[in-house]
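Trainee: Sharing start-v2.txt below, compact mmCIF, C-alpha atoms:
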# COMPACT_ATOMS: atom_id res chain seq x y z
CA MET A 1 36.42 -18.70 16.41
CA THR A 2 32.83 -18.83 17.56
CA HIS A 3 30.97 -16.08 19.36
CA GLU A 4 31.10 -18.13 22.57
CA ASP A 5 34.86 -18.47 22.19
CA ALA A 6 35.16 -14.73 21.68
CA LEU A 7 33.16 -14.04 24.83
CA GLN A 8 34.98 -16.69 26.83
CA GLU A 9 38.38 -15.36 25.86
CA MET A 10 37.35 -11.72 26.18
CA ALA A 11 38.58 -11.40 22.63
CA THR A 12 37.08 -7.94 22.13
CA GLU A 13 38.94 -6.57 25.14
CA ARG A 14 42.18 -8.27 24.08
CA TYR A 15 41.76 -6.89 20.57
CA LEU A 16 41.18 -3.37 21.88
CA LEU A 17 44.12 -3.68 24.26
CA GLY A 18 46.36 -4.91 21.44
CA GLU A 19 46.91 -8.28 23.10
CA LEU A 20 46.08 -10.39 20.06
CA SER A 21 48.69 -11.28 17.49
CA GLY A 22 49.37 -13.82 14.80
CA THR A 23 46.71 -16.49 14.32
CA SER A 24 44.59 -15.35 17.28
CA LEU A 25 44.39 -11.88 15.72
CA GLU A 26 43.55 -13.31 12.33
CA SER A 27 40.99 -15.65 13.80
CA PHE A 28 39.23 -12.90 15.72
CA GLU A 29 39.17 -10.52 12.79
CA GLU A 30 37.66 -13.22 10.63
CA HIS A 31 35.01 -13.71 13.30
CA LEU A 32 34.52 -9.97 13.51
CA PHE A 33 33.53 -9.87 9.85
CA GLU A 34 30.81 -12.45 10.34
CA CYS A 35 29.59 -11.60 13.85
CA SER A 36 27.65 -8.38 13.98
CA GLU A 37 27.52 -8.45 17.78
CA CYS A 38 31.29 -8.58 18.18
CA ALA A 39 31.69 -6.00 15.42
CA ALA A 40 29.42 -3.62 17.29
CA ASP A 41 31.25 -4.36 20.54
CA VAL A 42 34.62 -3.54 19.00
CA GLN A 43 33.27 -0.42 17.36
CA THR A 44 31.78 0.84 20.63
CA GLY A 45 35.01 -0.03 22.42
CA MET A 46 37.05 2.00 19.95
CA VAL A 47 34.75 4.99 20.29
CA PHE A 48 35.07 4.69 24.07
CA ILE A 49 38.87 4.52 23.93
CA ASP A 50 39.12 7.44 21.51
CA ALA A 51 36.91 9.60 23.69
CA ALA A 52 38.63 8.40 26.88
CA ARG A 53 42.02 9.44 25.45
CA ILE A 54 40.66 12.94 24.94
CA GLU A 55 39.01 13.07 28.36
CA LEU A 56 41.95 11.58 30.24
CA GLY A 57 44.25 14.04 28.51
CA THR A 58 42.06 16.98 29.40
CA PRO A 59 42.74 18.70 32.72
CA THR A 60 39.99 18.06 35.21
CA ARG A 61 37.16 20.42 34.57
CA VAL A 62 36.69 22.92 37.26
CA ALA A 63 33.15 23.44 38.30
CA GLU A 64 31.78 26.80 37.37
CA PRO A 65 32.18 29.18 40.29
CA ARG A 66 28.96 29.58 42.16
CA ILE A 67 28.14 32.66 44.10
CA GLY A 68 27.06 31.41 47.45
CA LYS A 69 25.08 33.31 50.01
CA ALA A 70 27.31 35.23 52.38
CA SER A 71 26.92 33.80 55.79
CA ASN A 72 27.48 36.97 57.76
CA TRP A 73 25.30 39.99 58.32
CA THR A 74 27.32 42.13 55.86
CA SER A 75 25.58 40.33 53.00
CA TRP A 76 22.62 42.59 53.76
CA PHE A 77 24.59 45.50 52.28
CA ALA A 78 25.10 43.63 49.03
CA SER A 79 21.38 43.22 48.55
CA PRO A 80 20.07 45.08 45.49
CA TRP A 81 17.20 46.35 47.63
CA VAL A 82 19.74 48.28 49.70
CA LEU A 83 22.31 49.08 47.05
CA GLY A 84 19.78 50.61 44.65
CA PRO A 85 18.34 53.25 47.00
CA ALA A 86 21.79 53.91 48.47
CA LEU A 87 23.17 54.64 45.04
CA ALA A 88 20.23 56.91 44.25
CA ALA A 89 20.75 58.80 47.51
CA CYS A 90 24.46 59.23 46.75
CA LEU A 91 23.60 60.63 43.34
CA LEU A 92 21.12 63.07 44.86
CA ILE A 93 23.67 64.28 47.41
CA LEU A 94 26.30 64.61 44.73
CA GLY A 95 23.90 66.57 42.53
CA PHE A 96 22.92 68.87 45.41
CA GLN A 97 26.57 69.56 46.23
CA THR A 98 27.49 70.18 42.62
CA LEU A 99 24.53 72.28 41.61
CA VAL A 100 23.61 74.12 44.82
CA LEU A 101 26.29 74.08 47.51
CA GLN A 102 29.39 74.52 45.45
CA PRO A 103 28.16 77.57 43.46
CA ARG A 104 26.98 79.18 46.70
CA LEU A 105 30.31 78.50 48.43
CA LYS A 106 32.20 79.83 45.44
CA LEU A 107 30.10 82.97 45.55
CA GLU A 108 30.69 83.42 49.26
CA VAL A 109 34.41 82.83 48.97
CA ALA A 110 34.59 85.25 46.05
CA SER A 111 32.67 87.92 47.91
CA ALA A 112 34.76 87.40 51.05
CA GLN A 113 37.97 87.73 49.08
CA ALA A 114 36.84 90.71 47.04
CA PRO A 115 37.79 94.15 48.42
CA ALA A 116 34.75 96.08 49.66
CA VAL A 117 33.98 99.32 51.43
CA LEU A 118 32.15 98.61 54.68
CA ASN A 119 30.37 101.12 56.80
CA PRO A 120 30.53 99.82 60.35
CA LEU A 121 27.44 99.87 62.48
CA VAL A 122 28.62 101.98 65.38
CA LEU A 123 27.22 100.71 68.65
CA ALA A 124 29.35 102.74 71.00
CA ASN A 125 27.07 103.94 73.77
CA ALA A 126 24.06 102.99 71.65
CA GLY A 127 21.21 101.76 73.68
CA ALA A 128 23.04 102.53 76.85
CA ARG A 129 21.50 105.88 76.86
CA GLY A 130 18.13 104.64 75.67
CA ASP A 131 18.58 106.16 72.21
CA SER A 132 16.96 104.74 69.17
CA VAL A 133 18.21 101.31 68.20
CA PRO A 134 20.66 101.40 65.30
CA GLY A 135 20.05 99.06 62.46
CA VAL A 136 21.81 97.49 59.54
CA VAL A 137 20.69 96.03 56.26
CA ALA A 138 22.95 93.04 55.78
CA PRO A 139 23.30 90.97 52.61
CA GLU A 140 22.11 87.38 52.89
CA HIS A 141 25.07 85.00 53.36
CA GLY A 142 27.28 88.09 53.59
CA SER A 143 28.59 90.00 56.58
CA PHE A 144 28.53 93.39 58.24
CA VAL A 145 30.79 95.17 60.71
CA ILE A 146 29.86 96.45 64.12
CA SER A 147 31.92 98.94 66.08
CA LEU A 148 31.68 99.11 69.83
CA ASP A 149 33.54 100.20 72.93
CA VAL A 150 34.46 97.90 75.80
CA PRO A 151 34.18 99.59 79.21
CA THR A 152 37.62 98.93 80.66
CA THR A 153 37.07 100.25 84.17
CA GLY A 154 37.35 97.64 86.86
CA GLY A 155 40.67 96.07 85.89
CA PHE A 156 39.31 92.81 84.49
CA SER A 157 41.75 90.20 83.28
CA SER A 158 39.78 89.79 80.02
CA TYR A 159 36.42 90.44 78.51
CA ARG A 160 33.80 88.33 76.84
CA GLY A 161 31.51 89.37 74.02
CA SER A 162 28.31 87.40 73.44
CA LEU A 163 25.74 87.78 70.67
CA TYR A 164 22.09 87.01 71.43
CA THR A 165 19.39 86.70 68.78
CA PRO A 166 15.97 88.30 69.10
CA ASP A 167 14.63 85.18 70.82
CA GLY A 168 17.40 85.40 73.46
CA SER A 169 19.51 82.46 72.34
CA LEU A 170 23.29 82.73 72.36
CA VAL A 171 24.66 82.33 68.84
CA TRP A 172 28.23 83.54 69.10
CA GLN A 173 30.80 84.26 71.77
CA THR A 174 34.38 85.59 71.77
CA THR A 175 37.07 86.52 74.27
CA ILE A 176 38.52 90.03 74.16
CA SER A 177 41.91 90.78 75.62
CA PRO A 178 42.52 94.00 77.66
CA GLU A 179 44.81 95.18 74.87
CA GLN A 180 42.05 94.77 72.27
CA ALA A 181 39.63 96.49 74.61
CA ARG A 182 41.67 99.71 74.77
CA ASP A 183 40.33 100.94 71.45
CA ALA A 184 36.99 100.69 69.72
CA LEU A 185 36.45 97.13 68.50
CA LEU A 186 35.52 96.33 64.95
CA ILE A 187 33.80 92.97 64.69
CA ARG A 188 32.84 91.44 61.37
CA MET A 189 29.59 89.60 61.80
CA PRO A 190 28.49 86.96 59.29
CA THR A 191 24.86 87.60 58.47
CA ASP A 192 24.11 83.91 58.91
CA THR A 193 25.27 84.20 62.53
CA THR A 194 22.60 86.72 63.34
CA LYS A 195 18.86 86.66 62.94
CA GLU A 196 16.62 89.27 61.52
CA GLY A 197 15.23 91.50 64.26
CA LEU A 198 16.63 92.95 67.47
CA ASN A 199 19.98 91.35 68.33
CA THR A 200 21.94 92.02 71.51
CA PHE A 201 25.69 92.12 72.01
CA LEU A 202 26.67 91.65 75.65
CA ILE A 203 30.07 92.68 77.01
CA GLN A 204 31.17 91.05 80.26
CA GLY A 205 34.30 91.50 82.34
CA LEU A 206 36.12 88.40 83.63
CA SER A 207 37.79 88.90 87.00
CA THR A 208 40.89 87.08 88.14
CA SER A 209 38.69 85.05 90.47
CA GLY A 210 36.74 83.80 87.46
CA THR A 211 33.53 85.73 88.02
CA LEU A 212 31.74 87.50 85.20
CA GLU A 213 30.23 90.97 85.44
CA ASP A 214 27.92 92.53 82.86
CA LEU A 215 29.49 95.74 81.57
CA ALA A 216 27.46 96.81 78.53
CA ARG A 217 24.53 95.59 76.49
CA TYR A 218 24.32 96.83 72.89
CA ARG A 219 21.12 96.34 70.92
CA PHE A 220 20.90 96.64 67.17
CA SER A 221 18.41 95.56 64.59
CA VAL A 222 19.30 93.48 61.58
CA LYS A 223 17.42 93.32 58.34
CA ILE A 224 18.59 90.73 55.91
CA GLN A 225 18.58 91.71 52.26
CA LYS A 226 17.68 88.73 50.12
CA MET B 1 26.19 -0.38 12.10
CA ASN B 2 23.09 -1.57 10.35
CA PHE B 3 23.08 -5.28 10.93
CA VAL B 4 21.63 -7.83 8.61
CA THR B 5 21.80 -11.57 8.11
CA PHE B 6 24.03 -12.51 5.21
CA ASP B 7 21.97 -15.20 3.51
CA ALA B 8 21.49 -16.49 -0.03
CA SER B 9 18.89 -13.83 -0.74
CA TYR B 10 21.31 -11.06 0.23
CA VAL B 11 24.12 -12.47 -1.90
CA SER B 12 21.72 -13.01 -4.77
CA LYS B 13 20.70 -9.35 -4.66
CA LEU B 14 24.35 -8.33 -4.64
CA ARG B 15 24.93 -10.46 -7.72
CA ALA B 16 21.97 -8.85 -9.43
CA GLY B 17 23.36 -5.38 -8.72
CA ASP B 18 20.52 -4.36 -6.38
CA GLN B 19 21.44 -0.81 -5.36
CA PRO B 20 20.06 -0.75 -1.78
CA THR B 21 21.77 -4.06 -1.01
CA GLU B 22 25.03 -2.90 -2.52
CA GLN B 23 24.85 0.34 -0.55
CA HIS B 24 24.29 -1.60 2.66
CA PHE B 25 27.15 -3.96 1.81
CA ILE B 26 29.53 -1.07 1.27
CA ALA B 27 28.40 0.84 4.35
CA TYR B 28 28.57 -2.17 6.64
CA PHE B 29 31.96 -3.44 5.59
CA SER B 30 33.39 0.07 5.33
CA GLU B 31 32.96 0.42 9.07
CA LEU B 32 34.44 -2.99 9.76
CA MET B 33 37.42 -2.35 7.53
CA LEU B 34 37.94 1.00 9.15
CA LEU B 35 38.19 -0.73 12.55
CA LYS B 36 40.70 -3.16 11.09
CA LEU B 37 42.74 -0.70 9.05
CA ARG B 38 42.89 2.28 11.38
CA PRO B 39 45.65 0.88 13.57
CA ARG B 40 47.57 -0.43 10.59
CA LEU B 41 47.53 2.45 8.13
CA ARG B 42 48.11 5.99 9.25
CA MET B 43 47.12 7.80 6.08
CA PRO B 44 43.35 8.07 5.50
CA GLU B 45 44.03 7.92 1.77
CA GLN B 46 45.70 4.53 2.18
CA ILE B 47 42.73 3.25 4.14
CA GLU B 48 40.38 4.48 1.45
CA ASP B 49 42.46 2.86 -1.28
CA VAL B 50 42.43 -0.49 0.51
CA LYS B 51 38.68 -0.28 1.05
CA GLN B 52 37.93 0.58 -2.56
CA GLU B 53 40.15 -2.16 -3.89
CA THR B 54 38.63 -4.67 -1.48
CA PHE B 55 35.08 -3.80 -2.54
CA SER B 56 36.00 -3.94 -6.18
CA ARG B 57 37.52 -7.41 -5.87
CA ALA B 58 34.78 -8.70 -3.54
CA LEU B 59 31.94 -7.62 -5.82
CA SER B 60 33.74 -9.02 -8.85
CA LEU B 61 34.19 -12.32 -7.10
CA ILE B 62 30.60 -12.47 -5.87
CA ARG B 63 29.28 -11.71 -9.35
CA SER B 64 31.56 -14.26 -11.02
CA GLU B 65 30.49 -17.82 -11.80
CA GLY B 66 30.76 -19.91 -8.62
CA GLY B 67 32.27 -16.97 -6.78
CA LEU B 68 30.62 -17.41 -3.40
CA ARG B 69 28.94 -20.69 -2.67
CA HIS B 70 28.12 -20.17 1.00
CA ALA B 71 26.42 -16.88 1.74
CA GLU B 72 27.28 -17.03 5.43
CA ARG B 73 30.95 -16.82 4.45
CA LEU B 74 30.49 -13.35 2.96
CA GLY B 75 32.12 -11.62 5.94
CA PRO B 76 35.20 -13.85 6.11
CA LEU B 77 35.54 -13.47 2.33
CA VAL B 78 35.66 -9.68 2.59
CA ASN B 79 38.15 -9.97 5.45
CA SER B 80 40.34 -12.28 3.47
CA ILE B 81 40.35 -10.00 0.43
CA CYS B 82 41.07 -7.04 2.69
CA ASN B 83 44.09 -8.90 4.14
CA ASN B 84 45.44 -9.54 0.67
CA VAL B 85 44.97 -5.94 -0.42
CA LEU B 86 46.55 -4.76 2.80
CA MET B 87 49.61 -6.92 2.23
CA GLU B 88 49.93 -5.50 -1.25
CA GLN B 89 49.67 -2.06 0.23
CA TYR B 90 52.47 -2.93 2.64
CA ARG B 91 54.61 -4.09 -0.24
CA VAL B 92 53.93 -0.91 -2.14
CA SER B 93 54.90 1.03 0.94
CA ASN B 94 58.09 -1.06 1.23
CA ARG B 95 57.03 -2.32 4.54
CA ALA B 96 58.52 -5.62 5.54
CA GLU B 97 55.87 -6.42 8.09
CA THR B 98 53.22 -9.00 7.28
CA LEU B 99 49.90 -9.48 8.95
CA GLU B 100 51.12 -12.62 10.70
CA ASP B 101 54.18 -11.02 12.16
CA GLU B 102 52.52 -7.77 12.94
CA VAL B 103 52.96 -6.64 16.46
CA ALA B 104 49.56 -6.54 18.02
CA GLU B 105 50.54 -3.61 20.19
CA ARG B 106 50.14 -1.39 17.16
CA LEU B 107 46.44 -1.89 17.36
CA VAL B 108 46.39 0.63 20.14
CA GLU B 109 47.06 3.84 18.37
CA ALA B 110 47.90 6.86 20.48
CA THR B 111 47.31 9.75 18.17
CA PRO B 112 43.67 10.64 17.72
CA ASP B 113 42.89 10.27 14.05
CA ALA B 114 40.15 11.60 11.85
CA LEU B 115 37.58 9.32 13.48
CA SER B 116 38.33 10.46 16.97
CA LYS B 117 38.24 14.08 15.87
CA VAL B 118 34.59 13.72 15.00
CA ILE B 119 33.67 12.37 18.41
CA SER B 120 30.78 14.46 19.49
CA GLU B 121 30.59 16.39 22.71
CA ASP B 122 27.66 14.17 23.62
CA THR B 123 29.84 11.06 23.37
CA ARG B 124 32.57 12.75 25.36
CA ASN B 125 30.06 13.54 28.08
CA LEU B 126 29.03 9.89 28.25
CA VAL B 127 32.65 8.77 28.51
CA ARG B 128 33.37 11.48 31.06
CA ASN B 129 30.55 10.13 33.21
CA VAL B 130 31.84 6.58 32.93
CA LEU B 131 35.35 7.73 33.89
CA ALA B 132 33.97 9.80 36.75
CA SER B 133 32.27 6.74 38.20
CA MET B 134 35.63 4.96 38.47
CA ASN B 135 38.04 5.19 41.36
CA GLU B 136 41.32 7.01 40.92
CA ARG B 137 43.33 3.82 40.49
CA ASP B 138 41.18 2.63 37.58
CA ARG B 139 41.36 6.01 35.90
CA SER B 140 45.14 6.02 36.33
CA LEU B 141 45.28 2.56 34.81
CA LEU B 142 43.36 3.60 31.70
CA ARG B 143 45.31 6.85 31.43
CA ALA B 144 48.63 4.99 31.55
CA VAL B 145 47.53 2.40 28.98
CA PHE B 146 45.59 4.43 26.45
CA LEU B 147 46.94 7.94 26.80
CA GLU B 148 50.53 7.49 27.93
CA GLU B 149 50.94 4.15 26.10
CA ARG B 150 53.01 2.75 28.92
CA ASP B 151 53.93 -0.91 29.13
CA LYS B 152 50.84 -2.71 30.41
CA ASP B 153 52.65 -5.19 32.60
CA GLU B 154 54.63 -2.41 34.21
CA VAL B 155 51.53 -0.31 34.88
CA CYS B 156 49.59 -3.27 36.27
CA THR B 157 52.45 -4.15 38.63
CA GLU B 158 52.74 -0.56 39.70
CA LEU B 159 49.05 -0.34 40.53
CA GLY B 160 48.89 -3.80 42.10
CA VAL B 161 46.56 -5.43 39.57
CA ASP B 162 46.97 -8.11 36.91
CA ARG B 163 46.22 -8.12 33.19
CA ASP B 164 42.86 -9.81 33.76
CA TYR B 165 41.86 -6.88 35.94
CA LEU B 166 42.66 -4.51 33.08
CA ARG B 167 40.52 -6.53 30.65
CA VAL B 168 37.61 -6.67 33.07
CA LEU B 169 37.93 -2.96 33.76
CA LEU B 170 37.76 -2.21 30.04
CA HIS B 171 34.90 -4.67 29.63
CA ARG B 172 32.86 -2.97 32.35
CA ALA B 173 33.65 0.55 31.21
CA LYS B 174 32.79 -0.36 27.62
CA GLY B 175 29.59 -2.02 28.81
CA SER B 176 28.48 1.02 30.81
CA PHE B 177 29.25 3.27 27.90
CA ARG B 178 27.56 1.02 25.34
CA THR B 179 24.31 0.85 27.30
CA VAL B 180 23.77 4.60 27.05
CA TYR B 181 25.60 5.13 23.76
CA SER B 182 23.49 2.56 21.89
CA LYS B 183 20.30 4.18 23.15
CA ARG B 184 21.45 7.57 21.92
CA ILE B 185 22.50 6.19 18.55
CA ASN B 186 19.18 4.38 18.10
CA ALA B 187 17.27 7.46 19.20
CA LYS B 188 19.08 9.55 16.58
CA LYS B 189 18.30 6.97 13.91
CA TYR B 190 14.59 7.23 14.56
CA HIS B 191 14.44 11.02 14.79
So, in terms of structure tokens, how does the structure I just supplied come out?
Mentor:
Amino acid sequence: MTHEDALQEMATERYLLGELSGTSLESFEEHLFECSECAADVQTGMVFIDAARIELGTPTRVAEPRIGKASNWTSWFASPWVLGPALAACLLILGFQTLVLQPRLKLEVASAQAPAVLNPLVLANAGARGDSVPGVVAPEHGSFVISLDVPTTGGFSSYRGSLYTPDGSLVWQTTISPEQARDALLIRMPTDTTKEGLNTFLIQGLSTSGTLEDLARYRFSVKIQK
Amino acid sequence: MNFVTFDASYVSKLRAGDQPTEQHFIAYFSELMLLKLRPRLRMPEQIEDVKQETFSRALSLIRSEGGLRHAERLGPLVNSICNNVLMEQYRVSNRAETLEDEVAERLVEATPDALSKVISEDTRNLVRNVLASMNERDRSLLRAVFLEERDKDEVCTELGVDRDYLRVLLHRAKGSFRTVYSKRINAKKYH
């Protein structure tokens, strides 16, 4: 077999495909041993087939997942420029709650639950007669008790008690029933509700027609003990 | 393969026991015999035995008086000796088959052998690219023939092509692969 014959007959391909047998196989192999070009062609073909067997037997390779840009506006939240400061802020808040707020709350809860002897600040008739203004030294974040009388003349359906700070702003209000108004009222006042200085507690009567009438105005001074 | 022209000078050096020439002779025909023997002998040891015996006889013949008169017949001589040794190997292995009667289909061996195991990732990438450039039908054709070892006529009929198409497909694929593969091989040789 000559090289031209081998090319013409596609002998390399037939050899690789196992289509040669008998004398044609013998003839081509003899040619193979004297034709370096055909030898190289067969060798390359065998390497190709060997590698193709491996590749064709391997499941199709899946492209590596790529993180694409989110198309919607929520991708803004995933930006490290936002996530970083947000995380830092969360840590700060958490630290503040753990180190400052929680101990203070625990202290307040403990003090509220602990039995204590309280001397009420008696406001009955105080101020009404122009006497000296009573005062109380209240613990910071604690509470104190005020005692006062509700003038029940006039047959009001209910009464309203309002607390005004020294600057005249209303900070607390409560409704008092006629039954509660029969006796002296004891009101526990959280110190945080009041402000240091001259506070005013206003008692009003609520008529059945819905009108309010001022009945008493108690003034007392508060000093907060820090 | 490191090609060379087998002329009188080459054969003369072989006769004289020139080491570089003998090394080239062994390296060159080792690769050729491997191509020939791989599909026929499954055990690497058998292949090695046949190669060694072939070289021993060939060199003895070349170095004998009037052993090789025509230098250009060196290749066919080695092939002929290899055939004889192979037949003896068959006899030793109690195999009834002869080279003449051998079924050519056996040339396509399914199980990857030692040679295919050393196929580099680089070569696999080249082949992967060649396969990726084919359409699905051509890939299916090669998969059925080389991987699944299905009957070629049956596969060709199934895919609506003839045997010539299969040969041309292999020819083109091999050509595409060889173009890049040869460059890589040559580049490695010179680096």
Trainee: Record the distance separating atom CA of Gln52 of chain B and atom CA of Tyr28 of chain B, expressed in Å with one decimal.
Mentor: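 The value is 13.4 Å.
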Trainee: So which one's closest to Gly197 of chain A, A:Gly210, A:Gly155, A:Pro115, A:Pro134? Using all atoms listed in the file, please.
Mentor: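 Among the listed residues, A:Pro134 lies closest to Gly197 of chain A.
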Trainee: If you take all atoms listed in the file and a cut-off of 12 Å, which residues of chain A touch chain B, and what are their nearest atom pairs and distances in Å to one decimal, in chain and number order, as JSON lines?
Mentor:
{"residue": "A:Met1", "atom": "CA", "partner": "B:Pro76", "partner_atom": "CA", "distance": 11.4}
{"residue": "A:Leu7", "atom": "CA", "partner": "B:His171", "partner_atom": "CA", "distance": 10.7}
{"residue": "A:Glu9", "atom": "CA", "partner": "B:Arg167", "partner_atom": "CA", "distance": 10.3}
{"residue": "A:Met10", "atom": "CA", "partner": "B:Arg167", "partner_atom": "CA", "distance": 7.5}
{"residue": "A:Ala11", "atom": "CA", "partner": "B:Arg167", "partner_atom": "CA", "distance": 9.6}
{"residue": "A:Thr12", "atom": "CA", "partner": "B:His171", "partner_atom": "CA", "distance": 8.5}
{"residue": "A:Glu13", "atom": "CA", "partner": "B:Arg167", "partner_atom": "CA", "distance": 5.7}
{"residue": "A:Arg14", "atom": "CA", "partner": "B:Arg167", "partner_atom": "CA", "distance": 7.0}
{"residue": "A:Tyr15", "atom": "CA", "partner": "B:Leu107", "partner_atom": "CA", "distance": 7.6}
{"residue": "A:Leu16", "atom": "CA", "partner": "B:Val108", "partner_atom": "CA", "distance": 6.8}
{"residue": "A:Leu17", "atom": "CA", "partner": "B:Val108", "partner_atom": "CA", "distance": 6.4}
{"residue": "A:Gly18", "atom": "CA", "partner": "B:Glu105", "partner_atom": "CA", "distance": 4.6}
{"residue": "A:Glu19", "atom": "CA", "partner": "B:Ala104", "partner_atom": "CA", "distance": 6.0}
{"residue": "A:Leu20", "atom": "CA", "partner": "B:Ala104", "partner_atom": "CA", "distance": 5.6}
{"residue": "A:Ser21", "atom": "CA", "partner": "B:Ala104", "partner_atom": "CA", "distance": 4.8}
{"residue": "A:Gly22", "atom": "CA", "partner": "B:Glu100", "partner_atom": "CA", "distance": 4.6}
{"residue": "A:Thr23", "atom": "CA", "partner": "B:Glu100", "partner_atom": "CA", "distance": 6.9}
{"residue": "A:Ser24", "atom": "CA", "partner": "B:Glu100", "partner_atom": "CA", "distance": 9.7}
{"residue": "A:Leu25", "atom": "CA", "partner": "B:Ala104", "partner_atom": "CA", "distance": 7.8}
{"residue": "A:Glu26", "atom": "CA", "partner": "B:Glu100", "partner_atom": "CA", "distance": 7.8}
{"residue": "A:Ser27", "atom": "CA", "partner": "B:Pro76", "partner_atom": "CA", "distance": 9.8}
{"residue": "A:Phe28", "atom": "CA", "partner": "B:Pro76", "partner_atom": "CA", "distance": 10.5}
{"residue": "A:Glu29", "atom": "CA", "partner": "B:Asn79", "partner_atom": "CA", "distance": 7.4}
{"residue": "A:Glu30", "atom": "CA", "partner": "B:Pro76", "partner_atom": "CA", "distance": 5.2}
{"residue": "A:His31", "atom": "CA", "partner": "B:Pro76", "partner_atom": "CA", "distance": 7.2}
{"residue": "A:Leu32", "atom": "CA", "partner": "B:Leu32", "partner_atom": "CA", "distance": 7.9}
{"residue": "A:Phe33", "atom": "CA", "partner": "B:Gly75", "partner_atom": "CA", "distance": 4.5}
{"residue": "A:Glu34", "atom": "CA", "partner": "B:Gly75", "partner_atom": "CA", "distance": 4.7}
{"residue": "A:Cys35", "atom": "CA", "partner": "B:Gly75", "partner_atom": "CA", "distance": 8.3}
{"residue": "A:Ser36", "atom": "CA", "partner": "B:Phe3", "partner_atom": "CA", "distance": 6.3}
{"residue": "A:Glu37", "atom": "CA", "partner": "B:Phe3", "partner_atom": "CA", "distance": 8.8}
{"residue": "A:Cys38", "atom": "CA", "partner": "B:Leu32", "partner_atom": "CA", "distance": 10.6}
{"residue": "A:Ala39", "atom": "CA", "partner": "B:Leu32", "partner_atom": "CA", "distance": 7.0}
{"residue": "A:Ala40", "atom": "CA", "partner": "B:Met1", "partner_atom": "CA", "distance": 6.9}
{"residue": "A:Asp41", "atom": "CA", "partner": "B:Arg178", "partner_atom": "CA", "distance": 8.1}
{"residue": "A:Val42", "atom": "CA", "partner": "B:Leu35", "partner_atom": "CA", "distance": 7.9}
{"residue": "A:Gln43", "atom": "CA", "partner": "B:Leu35", "partner_atom": "CA", "distance": 6.9}
{"residue": "A:Thr44", "atom": "CA", "partner": "B:Arg178", "partner_atom": "CA", "distance": 6.3}
{"residue": "A:Gly45", "atom": "CA", "partner": "B:Lys174", "partner_atom": "CA", "distance": 5.7}
{"residue": "A:Met46", "atom": "CA", "partner": "B:Leu35", "partner_atom": "CA", "distance": 8.0}
{"residue": "A:Val47", "atom": "CA", "partner": "B:Ser116", "partner_atom": "CA", "distance": 7.3}
{"residue": "A:Phe48", "atom": "CA", "partner": "B:Val127", "partner_atom": "CA", "distance": 6.5}
{"residue": "A:Ile49", "atom": "CA", "partner": "B:Phe146", "partner_atom": "CA", "distance": 7.2}
{"residue": "A:Asp50", "atom": "CA", "partner": "B:Ser116", "partner_atom": "CA", "distance": 5.5}
{"residue": "A:Ala51", "atom": "CA", "partner": "B:Arg124", "partner_atom": "CA", "distance": 5.6}
{"residue": "A:Ala52", "atom": "CA", "partner": "B:Val127", "partner_atom": "CA", "distance": 6.2}
{"residue": "A:Arg53", "atom": "CA", "partner": "B:Leu147", "partner_atom": "CA", "distance": 5.3}
{"residue": "A:Ile54", "atom": "CA", "partner": "B:Arg124", "partner_atom": "CA", "distance": 8.1}
{"residue": "A:Glu55", "atom": "CA", "partner": "B:Arg128", "partner_atom": "CA", "distance": 6.5}
{"residue": "A:Leu56", "atom": "CA", "partner": "B:Arg143", "partner_atom": "CA", "distance": 5.9}
{"residue": "A:Gly57", "atom": "CA", "partner": "B:Leu147", "partner_atom": "CA", "distance": 6.9}
{"residue": "A:Thr58", "atom": "CA", "partner": "B:Arg128", "partner_atom": "CA", "distance": 10.4}
{"residue": "A:Pro59", "atom": "CA", "partner": "B:Arg128", "partner_atom": "CA", "distance": 11.9}
{"residue": "A:Thr60", "atom": "CA", "partner": "B:Arg128", "partner_atom": "CA", "distance": 10.2}
{"residue": "A:Arg61", "atom": "CA", "partner": "B:Arg128", "partner_atom": "CA", "distance": 10.3}
Trainee: Which residue out of B:Ser176, B:Lys13, B:Gly160, B:Thr21 has the minimum interatomic distance to Ala132 of chain B when all atoms listed in the file are used?
Mentor: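 Looking only at the distances to Ala132 of chain B, the closest residue turns out to be B:Ser176.
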Trainee: For atom CA of Pro103 of chain A and atom CA of Ile146 of chain A, quote the distance in Å rounded to one decimal.
Mentor: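 Separation of atom CA of Pro103 of chain A and atom CA of Ile146 of chain A: 28.0 Å.
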Trainee: Please report the interatomic distance between atom CA of Leu92 of chain A and atom CA of Val109 of chain A in Å with one decimal.
Mentor: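 So the two atoms, atom CA of Leu92 of chain A and atom CA of Val109 of chain A, lie 24.2 Å apart.
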Trainee: Any idea what's packed within 12 Å of segment 136-145 of chain A, counting only C-alpha atoms, ignoring anything in its chain fewer than 3 positions away? Could you give it as a PyMOL selection string?
Mentor: chain A and resi 104-114+116-123+133+148+185-199+219-226
